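Undergrad: For reference, this is entry.csv, and it has CSV, C-alpha atoms.
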```csv
chain,number,residue,atom,x,y,z
A,302,MET,CA,4.7,-17.6,11.7
A,303,ALA,CA,1.6,-17.5,9.4
A,304,ASP,CA,2.0,-17.3,5.7
A,305,TYR,CA,0.2,-14.4,4.1
A,306,LYS,CA,-0.4,-13.8,0.5
A,307,LEU,CA,0.5,-10.1,0.8
A,308,SER,CA,1.3,-7.4,3.2
A,309,ILE,CA,-0.5,-4.1,3.2
A,310,ILE,CA,1.4,-1.2,4.7
A,311,ILE,CA,-0.5,1.8,6.0
A,312,PRO,CA,1.3,4.8,7.5
A,313,THR,CA,-0.9,6.9,9.8
A,314,PHE,CA,-0.9,10.3,11.3
A,315,ASN,CA,-3.9,11.9,12.9
A,316,LEU,CA,-6.5,9.9,11.0
A,317,GLU,CA,-9.0,9.1,13.7
A,318,LYS,CA,-11.9,10.3,11.4
A,319,MET,CA,-10.8,8.2,8.4
A,320,ILE,CA,-8.9,5.1,9.6
A,321,GLU,CA,-12.0,3.0,10.3
A,322,LYS,CA,-13.2,3.2,6.7
A,323,THR,CA,-9.7,2.3,5.5
A,324,PHE,CA,-9.4,-0.6,7.9
A,325,HIS,CA,-12.9,-1.9,6.9
A,326,SER,CA,-11.9,-1.8,3.2
A,327,VAL,CA,-9.0,-4.1,4.1
A,328,THR,CA,-10.9,-6.5,6.3
A,329,THR,CA,-13.6,-7.1,3.6
A,330,GLN,CA,-11.3,-8.0,0.7
A,331,THR,CA,-12.4,-11.0,-1.4
A,332,ILE,CA,-9.0,-12.6,-1.0
A,333,GLY,CA,-9.8,-13.0,2.6
A,334,PHE,CA,-8.5,-10.9,5.5
A,335,GLU,CA,-6.8,-13.9,7.0
A,336,ASN,CA,-4.5,-13.9,3.9
A,337,ILE,CA,-3.4,-10.4,4.5
A,338,GLU,CA,-0.7,-9.2,6.9
A,339,LEU,CA,-1.7,-5.7,7.8
A,340,ILE,CA,1.1,-3.5,9.0
A,341,LEU,CA,0.2,-0.2,10.6
A,342,VAL,CA,2.9,2.4,11.2
A,343,ASP,CA,1.9,5.5,13.2
A,344,ASP,CA,4.0,8.6,12.8
A,345,GLN,CA,3.3,9.9,16.4
A,346,SER,CA,-0.4,10.9,16.0
A,347,THR,CA,-1.6,13.4,18.5
A,348,ASP,CA,-5.3,12.5,18.2
A,349,ASN,CA,-7.0,9.1,18.9
A,350,THR,CA,-5.6,7.3,15.9
A,351,ILE,CA,-3.3,5.2,18.0
A,352,LYS,CA,-6.2,4.0,20.1
A,353,PHE,CA,-7.9,2.6,17.0
A,354,LEU,CA,-4.7,1.0,15.8
A,355,LYS,CA,-4.0,-0.6,19.2
A,356,ASN,CA,-7.5,-2.0,19.2
A,357,TYR,CA,-7.1,-3.5,15.7
A,358,GLU,CA,-3.8,-5.1,16.7
A,359,LYS,CA,-5.3,-6.5,19.9
A,360,ASN,CA,-8.3,-8.1,18.1
A,361,TYR,CA,-6.6,-9.5,15.0
A,362,SER,CA,-3.5,-11.7,14.9
A,363,ASN,CA,-2.6,-10.6,11.4
A,364,VAL,CA,-2.4,-6.9,12.4
A,365,LYS,CA,1.0,-5.5,13.5
A,366,LEU,CA,1.4,-2.0,14.9
A,367,PHE,CA,4.7,0.0,14.8
A,368,THR,CA,5.4,3.6,15.7
A,369,THR,CA,8.1,6.0,14.7
A,370,GLU,CA,10.4,7.3,17.4
A,371,LYS,CA,9.5,10.9,16.5
A,372,ASN,CA,7.2,12.5,13.9
A,373,SER,CA,8.9,12.4,10.5
A,374,GLY,CA,6.4,14.7,8.8
A,375,PHE,CA,6.1,12.5,5.7
A,376,ALA,CA,5.1,8.9,4.9
A,377,GLY,CA,8.5,7.7,3.7
A,378,ARG,CA,9.9,6.6,7.1
A,379,PRO,CA,6.7,4.8,8.2
A,380,ARG,CA,6.5,3.0,4.9
A,381,ASN,CA,10.2,1.9,5.2
A,382,ILE,CA,9.4,0.6,8.6
A,383,GLY,CA,6.5,-1.4,7.1
A,384,ILE,CA,8.7,-2.9,4.4
A,385,LYS,CA,11.3,-3.9,6.9
A,386,ASN,CA,8.7,-5.7,9.1
A,387,SER,CA,6.6,-7.3,6.4
A,388,THR,CA,6.9,-11.1,6.1
A,389,SER,CA,5.0,-11.9,2.9
A,390,GLU,CA,6.3,-12.2,-0.7
A,391,TYR,CA,4.3,-9.1,-1.9
A,392,VAL,CA,3.7,-5.6,-0.5
A,393,LEU,CA,1.0,-3.1,-1.2
A,394,PHE,CA,0.9,0.4,0.2
A,395,LEU,CA,-2.3,2.2,1.2
A,396,ASP,CA,-2.6,5.6,2.8
A,397,GLY,CA,-4.7,5.8,5.9
A,398,ASP,CA,-7.3,7.9,4.3
A,399,ASP,CA,-7.7,5.7,1.2
A,400,GLN,CA,-9.9,2.7,0.6
A,401,LEU,CA,-9.6,-0.4,-1.5
A,402,LEU,CA,-12.2,-1.7,-3.8
A,403,ILE,CA,-13.5,-5.1,-2.5
A,404,ASN,CA,-11.5,-7.2,-4.9
A,405,SER,CA,-8.4,-5.1,-5.2
A,406,CYS,CA,-6.0,-7.5,-3.5
A,407,GLU,CA,-7.4,-10.6,-5.2
A,408,VAL,CA,-7.1,-9.1,-8.7
A,409,LEU,CA,-3.6,-7.7,-8.1
A,410,TYR,CA,-2.3,-10.9,-6.4
A,411,ASN,CA,-3.7,-13.2,-9.1
A,412,GLN,CA,-2.1,-11.0,-11.7
A,413,ILE,CA,1.4,-10.8,-10.1
A,414,ARG,CA,1.4,-14.6,-9.5
A,415,SER,CA,0.2,-15.6,-13.0
A,416,THR,CA,2.7,-13.3,-14.8
A,417,ASN,CA,5.6,-13.5,-12.3
A,418,SER,CA,5.9,-9.7,-12.6
A,419,ASP,CA,7.9,-7.6,-10.2
A,420,ILE,CA,5.2,-4.9,-10.0
A,421,VAL,CA,1.5,-5.0,-10.9
A,422,ILE,CA,-0.4,-1.8,-11.3
A,423,GLY,CA,-4.2,-1.4,-11.0
A,424,GLY,CA,-6.4,1.7,-11.4
A,425,HIS,CA,-7.5,4.1,-8.7
A,426,ILE,CA,-10.3,6.7,-8.3
A,427,ASN,CA,-9.8,10.1,-6.7
A,428,LYS,CA,-13.0,11.5,-5.2
A,429,TYR,CA,-13.4,15.2,-4.6
A,430,GLU,CA,-16.8,15.9,-3.0
A,431,ASN,CA,-19.1,15.5,-6.1
A,432,LYS,CA,-16.4,14.9,-8.7
A,433,LYS,CA,-14.3,11.9,-9.3
A,434,LEU,CA,-11.2,11.3,-11.4
A,435,GLU,CA,-10.3,7.8,-12.5
A,436,HIS,CA,-6.8,6.7,-13.3
A,437,ASN,CA,-7.1,3.4,-15.1
A,438,SER,CA,-4.3,1.1,-15.9
A,439,PRO,CA,-4.7,-1.7,-18.5
A,440,LEU,CA,-5.3,-4.2,-15.6
A,441,TYR,CA,-8.1,-2.2,-14.2
A,442,SER,CA,-10.0,-2.2,-17.5
A,443,GLY,CA,-9.5,-5.9,-18.0
A,444,ARG,CA,-6.5,-5.6,-20.4
A,445,ASN,CA,-3.0,-6.7,-19.7
A,446,GLU,CA,0.1,-4.8,-20.8
A,447,THR,CA,3.5,-6.0,-19.9
A,448,PHE,CA,6.6,-3.7,-19.8
A,449,THR,CA,9.9,-5.5,-20.2
A,450,GLU,CA,12.0,-2.5,-21.0
A,451,VAL,CA,12.4,0.7,-19.0
A,452,GLN,CA,12.6,2.6,-22.3
A,453,ASP,CA,8.9,1.8,-23.1
A,454,ALA,CA,7.2,5.2,-23.5
A,455,ASN,CA,3.9,3.8,-22.2
A,456,LEU,CA,5.5,3.7,-18.7
A,457,LEU,CA,5.0,7.5,-18.7
A,458,ASN,CA,1.3,6.9,-18.5
A,459,ILE,CA,1.6,5.3,-15.0
A,460,THR,CA,0.4,7.5,-12.2
A,461,PRO,CA,3.1,8.0,-9.6
A,462,ALA,CA,0.6,7.6,-6.7
A,463,ILE,CA,1.6,4.7,-4.5
A,464,THR,CA,-1.9,3.2,-4.4
A,465,ALA,CA,-3.1,0.3,-6.5
A,466,LYS,CA,0.4,-1.2,-7.0
A,467,LEU,CA,1.6,-4.6,-5.8
A,468,TYR,CA,5.3,-5.0,-5.5
A,469,LYS,CA,7.4,-8.2,-5.2
A,470,LYS,CA,9.3,-7.7,-1.9
A,471,GLU,CA,12.3,-9.4,-3.3
A,472,LEU,CA,12.6,-6.6,-5.9
A,473,LEU,CA,12.7,-4.0,-3.2
A,474,SER,CA,15.2,-5.9,-0.9
A,475,LYS,CA,17.6,-7.0,-3.6
A,476,ASN,CA,17.9,-3.5,-5.0
A,477,ASN,CA,17.7,-1.7,-1.7
A,478,ILE,CA,14.7,0.3,-2.8
A,479,LYS,CA,13.3,2.5,-0.1
A,480,PHE,CA,11.2,5.6,0.2
A,481,PRO,CA,13.1,8.9,0.7
A,482,GLU,CA,12.5,10.1,4.2
A,483,GLU,CA,11.5,13.6,5.5
A,484,MET,CA,10.5,14.9,2.1
A,485,PRO,CA,7.4,15.1,-0.1
A,486,GLY,CA,7.0,13.3,-3.4
A,487,GLN,CA,8.5,10.0,-2.2
A,488,ASP,CA,5.9,8.0,-4.2
A,489,LEU,CA,7.4,9.1,-7.5
A,490,VAL,CA,11.0,8.5,-6.4
A,491,PHE,CA,10.0,5.0,-5.1
A,492,LEU,CA,8.1,4.1,-8.3
A,493,LEU,CA,10.9,5.3,-10.6
A,494,GLU,CA,13.5,3.3,-8.7
A,495,SER,CA,11.3,0.2,-8.7
A,496,ILE,CA,10.9,0.5,-12.5
```
So that I can check it, write out the structure of this file as structure tokens.
TA:
Amino acid sequence: MADYKLSIIIPTFNLEKMIEKTFHSVTTQTIGFENIELILVDDQSTDNTIKFLKNYEKNYSNVKLFTTEKNSGFAGRPRNIGIKNSTSEYVLFLDGDDQLLINSCEVLYNQIRSTNSDIVIGGHINKYENKKLEHNSPLYSGRNETFTEVQDANLLNITPAITAKLYKKELLSKNNIKFPEEMPGQDLVFLLESI
């Protein structure tokens, strides 16, 4: 079994028009794609998404494909399947219509290793046609801020979106932290339980 620096878990459902950009953003990471375990979990897509995913798995030894038994309607179950099947020390979640900046994994990985943190949070950018909205954490802007107590009010400034966060897998497994299934808003629940 290969040792990967981190696992990226991507749930998919009917993303044939977007998955290639997402996949490309993972394969071009400065940390090196060979250091990434990519776990794709399809939630019973009815378009050609699964064909793309099977092709990725066939052509790359570090890509693993799983499917749900039936469509769950939300990303919680696919993400839980990804966590269960990941083999690296750290996990990052990426939606199938999102993209990583070229050095995202390297920055987050170096930070979590150097600080021995349970969670490291970067920034992310939402683009809406001609407008963009940036959510910047201290790490994203080059500053570090460490939270050691859950009562720290600055924790309220963390966006609940699942992107741009690297988790120590041991934190999740020891505390049985999972995504709620078959319901929206599971990102927020997962983040709060992790904190």
Undergrad: Give me the residues within 10 Å of region 371-380 of chain A as number ranges by chain, counting all atoms listed in the file and dropping any in the same chain fewer than 2 places off.
TA: A: 310-314, 340-347, 367-369, 382-386, 394-396, 479-488, 491
Undergrad: May I ask which of the residues A:Asp419, A:Glu317, A:Asp348, A:Glu358 is the closest one to Glu390 (chain A), counting all atoms listed in the file?
TA: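 Closest to Glu390 (chain A) of all the choices is A:Asp419.
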Undergrad: From the options A:Leu366, A:Val327, A:Ile496, A:Leu339, which residue's atoms come nearest to Phe353 (chain A), counting only C-alpha atoms?
TA: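 Closest candidate: A:Leu366.
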Undergrad: Nearest to Asp399 (chain A): which of A:Asn363, A:Asn356, A:Thr323, A:Gln330 is it, counting only C-alpha atoms?
TA: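 Looking only at the distances to Asp399 (chain A), the closest residue turns out to be A:Thr323.
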Undergrad: Could you tell me how far CA of Arg414 (chain A) lies from CA of Leu467 (chain A), in Å and to one decimal?
TA: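 Calculated distance between CA of Arg414 (chain A) and CA of Leu467 (chain A) is 10.7 Å.
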Undergrad: Can you tell me, as number ranges by chain, what residues are no more than 12 Å from Tyr468 (chain A) when counting all atoms listed in the file, ignoring any on the same chain fewer than 4 positions away?
TA: A: 307-310, 384, 389-394, 406, 409-410, 412-414, 417-423, 463-464, 472-474, 478, 491-492, 495-496
Undergrad: Counting only C-alpha atoms, which of A:Ser387, A:Asn360, A:Gln400, A:Asn336 gets nearest to Ile320 (chain A)?
TA: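 Looking at the shortest contact to Ile320 (chain A), the residue is A:Gln400.
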Undergrad: Choose the residue, out of A:Asn349, A:Gly424, A:Glu494, A:Lys470, that has the smallest atom-to-atom separation from Ser405 (chain A); count all atoms listed in the file.
TA: A:Gly424
Undergrad: Report the distance between CA of Ile426 (chain A) and CA of Leu401 (chain A) in Å, rounded to one decimal place.
TA: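 We find that CA of Ile426 (chain A) and CA of Leu401 (chain A) lie 9.9 Å from each other.
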Undergrad: Residues near Thr329 (chain A), anyone? I mean within 10 Å using all atoms listed in the file, not counting same-chain ones fewer than 2 positions away, as a PyMOL selection string.
TA: chain A and resi 324-327+331-334+401-404
Undergrad: Would you compute the distance between CA of Asn477 (chain A) and CA of Asp398 (chain A)? Give it in Å to one decimal.
TA: 27.4 Å
